[in-house]
$ cat upload.cif   # mmCIF, C-alpha atoms and all ligand atoms
data_entry
#
loop_
_atom_site.label_atom_id
_atom_site.label_comp_id
_atom_site.auth_asym_id
_atom_site.auth_seq_id
_atom_site.Cartn_x
_atom_site.Cartn_y
_atom_site.Cartn_z
CA VAL I 750 98.34 68.90 93.42
CA ARG I 751 96.47 72.20 93.83
CA ARG I 752 97.26 74.57 91.05
CA MET I 753 97.35 78.28 91.76
CA PRO I 754 94.87 80.09 89.52
CA ASP I 755 96.41 82.35 86.88
CA SER I 756 95.77 86.07 86.73
CA ALA I 757 92.73 85.82 84.46
CA GLU I 758 91.06 83.18 86.66
CA LEU I 759 91.83 85.09 89.82
CA ALA I 760 90.47 88.29 88.28
CA ALA I 761 87.27 86.49 87.26
CA ASP I 762 86.87 85.20 90.83
CA VAL I 763 87.36 88.71 92.22
CA VAL I 764 84.78 90.16 89.84
CA ALA I 765 82.38 87.35 90.76
CA GLY I 766 82.64 88.43 94.41
CA GLY I 767 84.92 85.73 95.79
CA ARG I 768 86.21 86.68 99.21
CA ARG I 769 89.40 84.63 99.23
CA ALA I 770 90.16 85.69 95.69
CA LEU I 771 89.78 89.32 96.78
CA ALA I 772 92.14 88.91 99.72
CA ARG I 773 94.68 87.13 97.54
CA ALA I 774 94.43 89.70 94.78
CA ILE I 775 95.10 92.54 97.19
CA SER I 776 98.10 90.68 98.64
CA ILE I 777 99.49 90.20 95.16
CA VAL I 778 99.23 93.87 94.23
CA GLU I 779 100.54 94.91 97.63
CA ASN I 780 103.51 92.56 97.77
CA ALA I 781 104.46 91.98 94.17
CA GLY I 782 104.09 95.66 93.34
CA VAL I 783 105.24 96.06 89.78
CA GLY I 784 105.95 92.36 89.15
CA PRO I 785 104.33 90.57 86.21
CA ASP I 786 101.72 88.85 88.43
CA ALA I 787 100.44 92.15 89.75
CA GLU I 788 100.53 93.78 86.33
CA ASN I 789 98.58 90.97 84.66
CA LEU I 790 96.05 90.84 87.45
CA LEU I 791 95.48 94.59 87.41
CA ALA I 792 95.16 94.59 83.64
CA ALA I 793 92.50 91.87 83.86
CA LEU I 794 90.61 93.77 86.58
CA PHE I 795 90.86 97.23 85.07
CA PRO I 796 87.91 96.97 82.63
CA HIS I 797 85.68 96.12 85.61
CA THR I 798 86.56 99.25 87.57
CA GLY I 799 85.20 102.78 87.63
CA HIS I 800 81.92 102.01 89.37
CA ALA I 801 82.77 102.49 93.04
CA ILE I 802 82.40 105.82 94.80
CA LEU I 803 85.85 106.62 96.21
CA ILE I 804 85.98 108.53 99.49
CA GLY I 805 89.27 109.70 101.00
CA VAL I 806 89.47 110.23 104.75
CA THR I 807 92.56 112.08 105.89
CA GLY I 808 93.73 114.28 108.75
CA ALA I 809 96.29 114.51 111.52
CA PRO I 810 97.14 111.44 113.64
CA GLY I 811 94.66 110.63 116.38
CA THR I 812 91.79 112.79 115.15
CA GLY I 813 89.57 109.70 115.06
CA LYS I 814 89.70 108.82 111.36
CA SER I 815 89.55 105.06 111.88
CA THR I 816 86.72 105.33 114.37
CA LEU I 817 84.85 107.58 111.99
CA VAL I 818 85.49 105.30 109.00
CA ASN I 819 83.98 102.50 111.07
CA GLN I 820 80.85 104.61 111.69
CA ILE I 821 80.55 105.75 108.08
CA ALA I 822 80.77 102.12 106.98
CA LEU I 823 78.05 101.14 109.46
CA SER I 824 75.83 103.95 108.21
CA LEU I 825 76.34 102.93 104.58
CA ARG I 826 75.58 99.30 105.45
CA ARG I 827 72.26 100.41 106.95
CA SER I 828 71.26 101.66 103.52
CA ASP I 829 72.51 98.40 102.06
CA ARG I 830 75.56 99.68 100.27
CA SER I 831 78.63 97.46 100.26
CA VAL I 832 81.82 99.04 101.57
CA GLY I 833 85.50 98.36 100.97
CA ILE I 834 88.02 99.99 103.30
CA VAL I 835 91.70 100.56 102.66
CA ALA I 836 93.58 102.01 105.61
CA VAL I 837 97.11 103.30 105.58
CA ASP I 838 97.32 103.39 109.31
CA PRO I 839 100.76 103.75 110.82
CA THR I 840 99.64 103.04 114.37
CA SER I 841 98.74 99.49 113.47
CA PRO I 842 100.68 98.66 110.34
CA PHE I 843 100.85 94.89 110.62
CA SER I 844 97.75 93.99 112.56
CA GLY I 845 95.94 92.32 109.70
CA GLY I 846 92.26 92.31 110.44
CA ALA I 847 92.07 94.52 113.48
CA ILE I 848 92.97 97.74 111.78
CA LEU I 849 90.34 99.98 113.23
CA GLY I 850 92.26 100.83 116.33
CA ASP I 851 90.84 98.14 118.54
CA ARG I 852 88.93 94.94 118.24
CA ILE I 853 85.86 96.14 120.09
CA ARG I 854 85.00 98.62 117.35
CA MET I 855 85.75 96.00 114.74
CA ARG I 856 83.09 93.69 116.15
CA ASP I 857 80.44 95.96 114.65
CA LEU I 858 81.59 95.07 111.18
CA SER I 859 83.20 91.66 111.31
CA GLY I 860 81.28 88.82 109.72
CA ASP I 861 79.35 91.15 107.44
CA PRO I 862 79.88 90.03 103.82
CA GLY I 863 79.03 93.53 102.60
CA ILE I 864 82.24 94.88 104.01
CA PHE I 865 85.92 94.24 103.39
CA ILE I 866 88.74 95.88 105.34
CA ARG I 867 92.38 95.95 104.42
CA SER I 868 95.24 97.62 106.20
CA MET I 869 98.18 98.51 104.02
CA ALA I 870 101.59 97.90 105.49
CA THR I 871 103.49 101.14 105.76
CA ARG I 872 106.81 99.50 104.95
CA GLY I 873 108.75 100.52 101.91
CA SER I 874 108.90 103.82 100.17
CA LEU I 875 106.11 106.35 100.23
CA GLY I 876 105.81 106.09 96.48
CA GLY I 877 105.42 102.32 96.74
CA LEU I 878 102.77 102.72 99.39
CA ALA I 879 100.82 105.18 97.27
CA ARG I 880 100.87 102.77 94.37
CA ALA I 881 99.91 99.79 96.55
CA THR I 882 97.01 101.78 98.00
CA SER I 883 95.77 102.88 94.63
CA ASP I 884 96.02 99.31 93.30
CA ALA I 885 94.16 97.91 96.32
CA VAL I 886 91.38 100.43 95.67
CA LEU I 887 91.27 99.28 92.07
CA VAL I 888 90.83 95.66 93.19
CA LEU I 889 87.97 96.61 95.56
CA ASP I 890 86.34 98.61 92.79
CA ALA I 891 86.52 95.61 90.44
CA ALA I 892 85.08 93.40 93.19
CA GLY I 893 81.93 95.52 93.01
CA PHE I 894 81.95 97.44 96.29
CA ASP I 895 79.58 100.41 96.07
CA VAL I 896 81.79 102.65 98.16
CA VAL I 897 85.51 102.44 98.90
CA LEU I 898 86.78 104.38 101.92
CA ILE I 899 90.49 105.20 101.93
CA GLU I 900 92.04 106.28 105.23
CA THR I 901 95.45 107.95 105.23
CA VAL I 902 97.26 110.13 107.70
CA GLY I 903 97.54 113.60 106.26
CA ALA I 904 101.21 114.41 106.25
CA GLY I 905 102.98 115.66 103.19
CA GLN I 906 102.75 113.72 99.96
CA ALA I 907 100.06 111.36 101.25
CA GLU I 908 97.44 114.09 101.08
CA VAL I 909 98.20 114.87 97.45
CA ASP I 910 97.98 111.18 96.62
CA ILE I 911 94.64 110.73 98.33
CA ALA I 912 93.24 113.83 96.66
CA ARG I 913 94.14 112.33 93.32
CA LEU I 914 92.70 108.96 94.15
CA ALA I 915 89.44 109.86 95.84
CA GLN I 916 86.43 111.66 94.41
CA THR I 917 85.38 113.14 97.72
CA VAL I 918 87.95 114.01 100.39
CA LEU I 919 87.00 114.30 104.05
CA VAL I 920 89.56 116.12 106.14
CA VAL I 921 89.16 115.17 109.78
CA ASP I 922 90.19 117.48 112.59
CA ALA I 923 89.60 117.35 116.33
CA PRO I 924 89.99 119.72 119.25
CA GLY I 925 92.97 119.58 121.55
CA LEU I 926 95.80 118.77 119.16
CA GLY I 927 99.25 120.29 119.45
CA ASP I 928 100.72 123.22 117.52
CA ASP I 929 102.68 120.98 115.18
CA VAL I 930 99.36 119.59 114.04
CA GLN I 931 98.02 123.10 113.38
CA ALA I 932 100.83 123.64 110.91
CA VAL I 933 99.92 120.50 108.98
CA LYS I 934 96.36 121.71 108.81
CA ALA I 935 96.74 124.70 106.52
CA GLY I 936 98.04 122.60 103.66
CA ILE I 937 95.57 119.82 104.13
CA LEU I 938 92.50 122.08 104.11
CA GLU I 939 93.16 122.80 100.45
CA ILE I 940 92.22 119.28 99.47
CA ALA I 941 89.06 119.11 101.62
CA ASP I 942 85.66 118.67 100.01
CA VAL I 943 84.10 118.25 103.44
CA ILE I 944 85.74 119.18 106.75
CA VAL I 945 84.87 117.11 109.78
CA VAL I 946 85.39 118.24 113.34
CA ASN I 947 85.36 114.95 115.19
CA LYS I 948 85.25 114.50 118.97
CA ALA I 949 82.26 116.84 119.12
CA ASP I 950 81.81 115.62 122.71
CA ASP I 951 84.83 117.75 123.57
CA PRO I 952 83.69 121.21 124.76
CA ARG I 953 86.34 122.85 122.55
CA ALA I 954 84.83 121.39 119.35
CA ASP I 955 82.81 124.52 118.49
CA GLU I 956 85.91 126.63 118.87
CA THR I 957 87.83 124.30 116.54
CA ALA I 958 85.01 124.54 113.99
CA ARG I 959 85.04 128.36 114.16
CA MET I 960 88.80 128.42 113.72
CA LEU I 961 88.56 126.17 110.69
CA GLU I 962 85.86 128.34 109.23
CA ALA I 963 88.10 131.37 109.65
CA MET I 964 90.98 129.50 107.99
CA LEU I 965 88.71 128.55 105.11
CA LYS I 966 87.53 132.13 104.59
CA LEU I 967 91.04 133.47 104.91
CA GLY I 968 92.33 130.84 102.52
CA GLN I 969 94.33 132.17 99.61
CA PRO I 970 92.41 132.24 96.35
CA ALA I 971 91.59 128.57 95.92
CA PRO I 972 94.35 126.78 94.07
CA SER I 973 93.27 125.63 90.64
CA ALA I 974 91.76 122.20 90.68
CA ASP I 975 94.63 121.06 88.50
CA MET I 976 97.12 121.89 91.20
CA ARG I 977 94.90 120.39 93.84
CA HIS I 978 94.58 117.12 92.11
CA HIS I 979 98.01 116.67 90.61
CA GLY I 980 100.22 118.58 92.95
CA ARG I 981 102.25 119.74 89.95
CA LEU I 982 101.87 120.91 86.42
CA MET I 983 104.58 119.48 84.25
CA GLY I 984 105.12 117.21 81.36
CA LEU I 985 102.08 115.68 79.71
CA GLU I 986 99.72 117.66 81.92
CA THR I 987 100.55 120.80 79.99
CA VAL I 988 98.77 119.40 76.92
CA GLN I 989 95.51 120.27 78.69
CA PRO I 990 94.46 123.83 77.97
CA ALA I 991 94.27 125.77 81.22
CA GLU I 992 90.72 126.65 82.14
CA PRO I 993 90.06 130.23 83.17
CA ALA I 994 89.70 130.52 86.94
CA GLY I 995 86.09 130.86 87.97
CA ALA I 996 84.84 128.94 84.95
CA ARG I 997 84.41 125.94 87.16
CA PRO I 998 81.31 125.33 89.26
CA HIS I 999 81.60 126.19 92.90
CA TRP I 1000 81.36 123.92 95.93
CA ASP I 1001 81.16 125.43 99.40
CA VAL I 1002 83.23 123.25 101.71
CA PRO I 1003 80.97 122.43 104.66
CA ILE I 1004 82.21 121.93 108.21
CA HIS I 1005 80.60 119.04 110.01
CA LEU I 1006 80.67 118.00 113.67
CA THR I 1007 80.72 114.32 114.58
CA ASN I 1008 81.17 112.12 117.59
CA ALA I 1009 82.66 108.96 116.18
CA LEU I 1010 82.32 107.14 119.51
CA THR I 1011 78.52 107.40 119.50
CA GLY I 1012 77.91 107.95 115.78
CA GLU I 1013 76.27 111.34 116.34
CA GLY I 1014 76.39 113.47 113.20
CA VAL I 1015 77.51 110.58 111.02
CA ALA I 1016 74.23 110.15 109.11
CA GLU I 1017 74.36 113.86 108.21
CA LEU I 1018 77.98 113.48 107.15
CA VAL I 1019 77.07 110.59 104.87
CA ALA I 1020 74.29 112.72 103.37
CA GLN I 1021 76.83 115.51 102.80
CA MET I 1022 79.15 113.02 101.05
CA ALA I 1023 76.24 112.08 98.80
CA SER I 1024 75.53 115.72 97.92
CA HIS I 1025 79.15 116.25 97.04
CA HIS I 1026 78.99 113.26 94.75
CA ASP I 1027 75.82 114.68 93.19
CA TYR I 1028 77.57 117.97 92.65
CA LEU I 1029 80.50 116.20 90.97
CA THR I 1030 78.18 114.26 88.68
CA LYS I 1031 75.83 117.06 87.74
CA THR I 1032 78.53 119.61 86.98
CA GLY I 1033 80.68 117.23 84.95
CA GLU I 1034 83.44 117.68 87.50
CA LEU I 1035 83.59 113.92 88.07
CA VAL I 1036 84.52 113.29 84.45
CA ARG I 1037 86.91 116.23 84.42
CA ARG I 1038 88.72 114.90 87.48
CA ALA I 1039 88.84 111.40 86.03
CA ARG I 1040 90.46 112.79 82.89
CA ALA I 1041 92.95 114.85 84.91
CA ARG I 1042 93.86 111.77 86.89
CA ALA I 1043 94.22 109.60 83.78
CA LEU I 1044 96.55 112.19 82.31
CA ALA I 1045 98.63 112.38 85.48
CA ASP I 1046 98.85 108.57 85.64
CA LEU I 1047 99.88 108.38 82.02
CA ASP I 1048 102.49 111.05 82.64
CA ALA I 1049 103.87 109.18 85.66
CA ARG I 1050 104.03 105.86 83.80
CA LEU I 1051 105.70 107.47 80.81
CA ARG I 1052 108.40 108.93 83.04
CA GLU I 1053 108.98 105.56 84.67
CA VAL I 1054 109.25 103.73 81.37
CA LEU I 1055 111.51 106.33 79.83
CA ILE I 1056 113.85 106.37 82.82
CA ALA I 1057 113.94 102.56 82.94
CA ARG I 1058 114.72 102.41 79.23
CA LEU I 1059 117.41 105.02 79.54
CA LEU I 1060 119.06 103.21 82.42
CA GLU I 1061 119.12 99.98 80.41
CA HIS I 1062 121.34 101.52 77.79
CA ILE I 1063 123.40 103.88 79.83
CA ASP I 1064 127.01 103.38 80.79
CA ARG I 1065 127.12 103.70 84.59
CA ALA I 1066 130.64 105.07 84.44
CA GLU I 1067 129.39 107.91 82.27
CA ILE I 1068 126.96 108.93 85.02
CA HIS I 1069 129.80 109.20 87.53
CA VAL I 1070 131.81 111.29 85.11
CA LEU I 1071 128.87 113.66 84.74
CA VAL I 1072 128.27 113.81 88.49
CA ASP I 1073 131.91 114.77 88.97
CA ALA I 1074 131.52 117.44 86.32
CA ILE I 1075 128.47 118.88 88.09
CA VAL I 1076 130.21 118.90 91.45
CA ALA I 1077 133.22 120.61 89.86
CA ARG I 1078 130.85 123.23 88.40
CA GLU I 1079 131.89 122.34 84.86
CA LEU I 1080 128.39 121.35 83.79
CA MET I 1081 124.99 122.34 85.02
CA PRO I 1082 122.72 119.37 85.86
CA ARG I 1083 120.57 120.24 82.87
CA GLN I 1084 123.57 120.24 80.53
CA ALA I 1085 124.70 116.90 81.94
CA ALA I 1086 121.23 115.45 81.39
CA MET I 1087 121.25 116.64 77.77
CA ARG I 1088 124.63 115.07 77.25
CA LEU I 1089 123.33 111.72 78.49
CA LEU I 1090 120.30 111.93 76.23
CA GLU I 1091 122.36 112.90 73.19
CA ALA I 1092 124.43 109.77 73.68
CA GLN I 1093 121.23 107.66 73.46
CA PRO I 1094 120.00 107.52 69.85
CA THR I 1095 118.06 104.33 70.70
CA LEU I 1096 115.51 106.32 72.68
CA ASP I 1097 113.72 107.87 69.71
N1 LIG I 1101 86.10 111.61 122.83
C1 LIG I 1101 86.18 111.10 121.61
N2 LIG I 1101 87.18 110.27 121.30
C2 LIG I 1101 87.25 109.78 120.06
C3 LIG I 1101 86.28 110.11 119.07
N3 LIG I 1101 86.62 109.47 117.93
C4 LIG I 1101 87.74 108.76 118.19
N4 LIG I 1101 88.12 108.94 119.47
C5 LIG I 1101 89.28 108.34 120.15
O1 LIG I 1101 90.45 108.95 119.64
C6 LIG I 1101 91.53 107.99 119.61
C7 LIG I 1101 92.09 107.92 118.21
O2 LIG I 1101 91.12 107.35 117.34
P1 LIG I 1101 91.47 106.68 115.96
O3 LIG I 1101 90.20 106.40 115.27
O4 LIG I 1101 92.44 105.58 116.10
O5 LIG I 1101 92.23 107.93 115.25
P2 LIG I 1101 92.98 107.96 113.86
O6 LIG I 1101 92.80 109.34 113.33
O7 LIG I 1101 92.54 106.84 112.99
O8 LIG I 1101 94.47 107.75 114.30
P3 LIG I 1101 95.72 107.41 113.33
O9 LIG I 1101 95.28 106.36 112.38
O10 LIG I 1101 96.76 106.97 114.28
O11 LIG I 1101 96.07 108.70 112.65
C8 LIG I 1101 90.93 106.69 120.07
O12 LIG I 1101 91.23 106.53 121.43
C9 LIG I 1101 89.46 106.87 119.88
O13 LIG I 1101 88.67 106.10 120.75
C10 LIG I 1101 85.21 111.01 119.44
O14 LIG I 1101 84.35 111.37 118.64
N5 LIG I 1101 85.24 111.47 120.72
MG MG I 1102 93.63 105.34 112.00
#

$ encode --input "upload.cif" --output "structure tokens" --more "lines below"
Ligand SMILES: Nc1nc2c(ncn2[C@@H]2O[C@H](COP(=O)(O)OP(=O)(O)OP(=O)(O)O)[C@@H](O)[C@H]2O)c(=O)[nH]1
Ligand SMILES: [Mg+2]
Amino acid sequence: VRRMPDSAELAADVVAGGRRALARAISIVENAGVGPDAENLLAALFPHTGHAILIGVTGAPGTGKSTLVNQIALSLRRSDRSVGIVAVDPTSPFSGGAILGDRIRMRDLSGDPGIFIRSMATRGSLGGLARATSDAVLVLDAAGFDVVLIETVGAGQAEVDIARLAQTVLVVDAPGLGDDVQAVKAGILEIADVIVVNKADDPRADETARMLEAMLKLGQPAPSADMRHHGRLMGLETVQPAEPAGARPHWDVPIHLTNALTGEGVAELVAQMASHHDYLTKTGELVRRARARALADLDARLREVLIARLLEHIDRAEIHVLVDAIVARELMPRQAAMRLLEAQPTLD
């Protein structure tokens, strides 16, 4: 009888570079989510993480992110760096291996042991997907990939999540997208470390680049990096003293043209990614961001645990009574929350 390896064995196999172990580990963290298997596995892998360079690639649907990720991976492979790819790609959520849009492009990379590609299923809640993505990145990091590329479609919460996860964020745009896409853009530019105008073969690409440059210049005073990388400032995060604006070193967001079909401009883009990483390292920003992220993660976990603990002890009927009271305008939500907490001496 074949025995399934336990978490510690599986983690050791992942760290040793085992392919099947890697695939299984990612499935476990993706499917089991917060179950004990996933938790034990992640705990065993965690000490082996923190070495990979994490690159986020986001932007409106159809701008060519997957095609570009393919080219960036090829370029990195040429300089012998191993590459893990996690794609949250709604156009092909369940396609398994062939995530990069079509199989022809995939041929470039398949069979190369220095590369591993995983498409995350977009089923389930957004929160669950964000966690699954972040856990998959952690597994790839532990497996020793030099660079991990994370593709997500920039729409709403996903962009905040990717900004928190990645060290360098590429925001990909392309000419000829509709007005609805323009609206998405303004918000997403805030998280860009490098802006890419893809589809440079399109004659309108220069115009798109100029428009983006104008948007960048116009941009409201840059949001503090804390807001950029957490999306909110509440709870535990307030224990960090606020840094005076302007105290932080400056990075000029470059705008880069690429043609992801031919690979034109991709080598330069990869060089730009490397300079951003240099900037992060030399200025101490890398460590600062890692600390900000650790604090935000701790904060999120604390909230989860506290809520779960509270719900264990709470009388469900009491919640309905309080909801009725709020609806009847007898209690404000805050007062109702305090009442629930006061009835829970076990929480101290
Ligand atoms: N002309 C041109 N077409 C491109 C370029 N890059 C990608 N495309 C095409 O644009 C379409 C969308 O490319 P994808 O790479 O799937 O775009 P995506 O941003 O990953 O799309 P989603 O994951 O659905 O958001 C495909 O038909 C690509 O072949 C480019 O540089 N020039
Ligand atoms: Mg895609």

$ residues_around --input "upload.cif" --residues "Asp955 of chain I" --least-positions-apart "2" --cutoff "12 Å" --atoms "only C-alpha atoms" --output "PyMOL selection string"
chain I and resi 922-925+945-953+957-962+1004-1007

$ residues_near_ligand --input "upload.cif" --ligand "ligand LIG 1101 (chain I)" --cutoff "6 Å" --atoms "all atoms listed in the file" --output "mmCIF file with C-alpha atoms, keeping the file's coordinate frame"
data_model
loop_
_atom_site.group_PDB
_atom_site.id
_atom_site.type_symbol
_atom_site.label_atom_id
_atom_site.label_comp_id
_atom_site.auth_asym_id
_atom_site.auth_seq_id
_atom_site.Cartn_x
_atom_site.Cartn_y
_atom_site.Cartn_z
ATOM 1 C CA ALA I 809 96.290 114.510 111.520
ATOM 2 C CA PRO I 810 97.140 111.440 113.640
ATOM 3 C CA GLY I 811 94.660 110.630 116.380
ATOM 4 C CA THR I 812 91.790 112.790 115.150
ATOM 5 C CA GLY I 813 89.570 109.700 115.060
ATOM 6 C CA LYS I 814 89.700 108.820 111.360
ATOM 7 C CA SER I 815 89.550 105.060 111.880
ATOM 8 C CA THR I 816 86.720 105.330 114.370
ATOM 9 C CA ASP I 838 97.320 103.390 109.310
ATOM 10 C CA THR I 840 99.640 103.040 114.370
ATOM 11 C CA GLY I 850 92.260 100.830 116.330
ATOM 12 C CA VAL I 902 97.260 110.130 107.700
ATOM 13 C CA ASN I 947 85.360 114.950 115.190
ATOM 14 C CA LYS I 948 85.250 114.500 118.970
ATOM 15 C CA ALA I 949 82.260 116.840 119.120
ATOM 16 C CA ASP I 950 81.810 115.620 122.710
ATOM 17 C CA ASN I 1008 81.170 112.120 117.590
ATOM 18 C CA ALA I 1009 82.660 108.960 116.180
ATOM 19 C CA LEU I 1010 82.320 107.140 119.510
#

$ residues_around --input "upload.cif" --residues "segment 793-795 of chain I" --least-positions-apart "4" --cutoff "12 Å" --atoms "only C-alpha atoms" --output "PyMOL selection string"
chain I and resi 755-765+771+774-775+778+786-789+799-800+884-893

$ closest_residue --input "upload.cif" --among "I:Ala879, I:Ala1043, I:Val1015, I:Leu1060" --to "Asn819 of chain I" --atoms "all atoms listed in the file"
I:Val1015

$ atom_distance --input "upload.cif" --atom1 "atom CA of Val837 of chain I" --atom2 "atom CA of Ser883 of chain I"
11.0 Å

$ closest_residue --input "upload.cif" --among "I:Ala915, I:Ala772, I:Leu1029, I:Ala792" --to "Arg867 of chain I" --atoms "all atoms listed in the file"
I:Ala772

$ closest_residue --input "upload.cif" --among "I:Val920, I:Ala822, I:Met869, I:Ile1075" --to "Ser776 of chain I" --atoms "all atoms listed in the file"
I:Met869

$ closest_residue --input "upload.cif" --among "I:Ile899, I:Ala1077, I:Met1022, I:Leu1035" --to "Pro998 of chain I" --atoms "all atoms listed in the file"
I:Leu1035

$ atom_distance --input "upload.cif" --atom1 "atom CA of Arg1037 of chain I" --atom2 "atom CA of Arg913 of chain I"
12.1 Å

$ atom_distance --input "upload.cif" --atom1 "atom CA of Ile940 of chain I" --atom2 "atom CA of Gly1012 of chain I"
24.5 Å
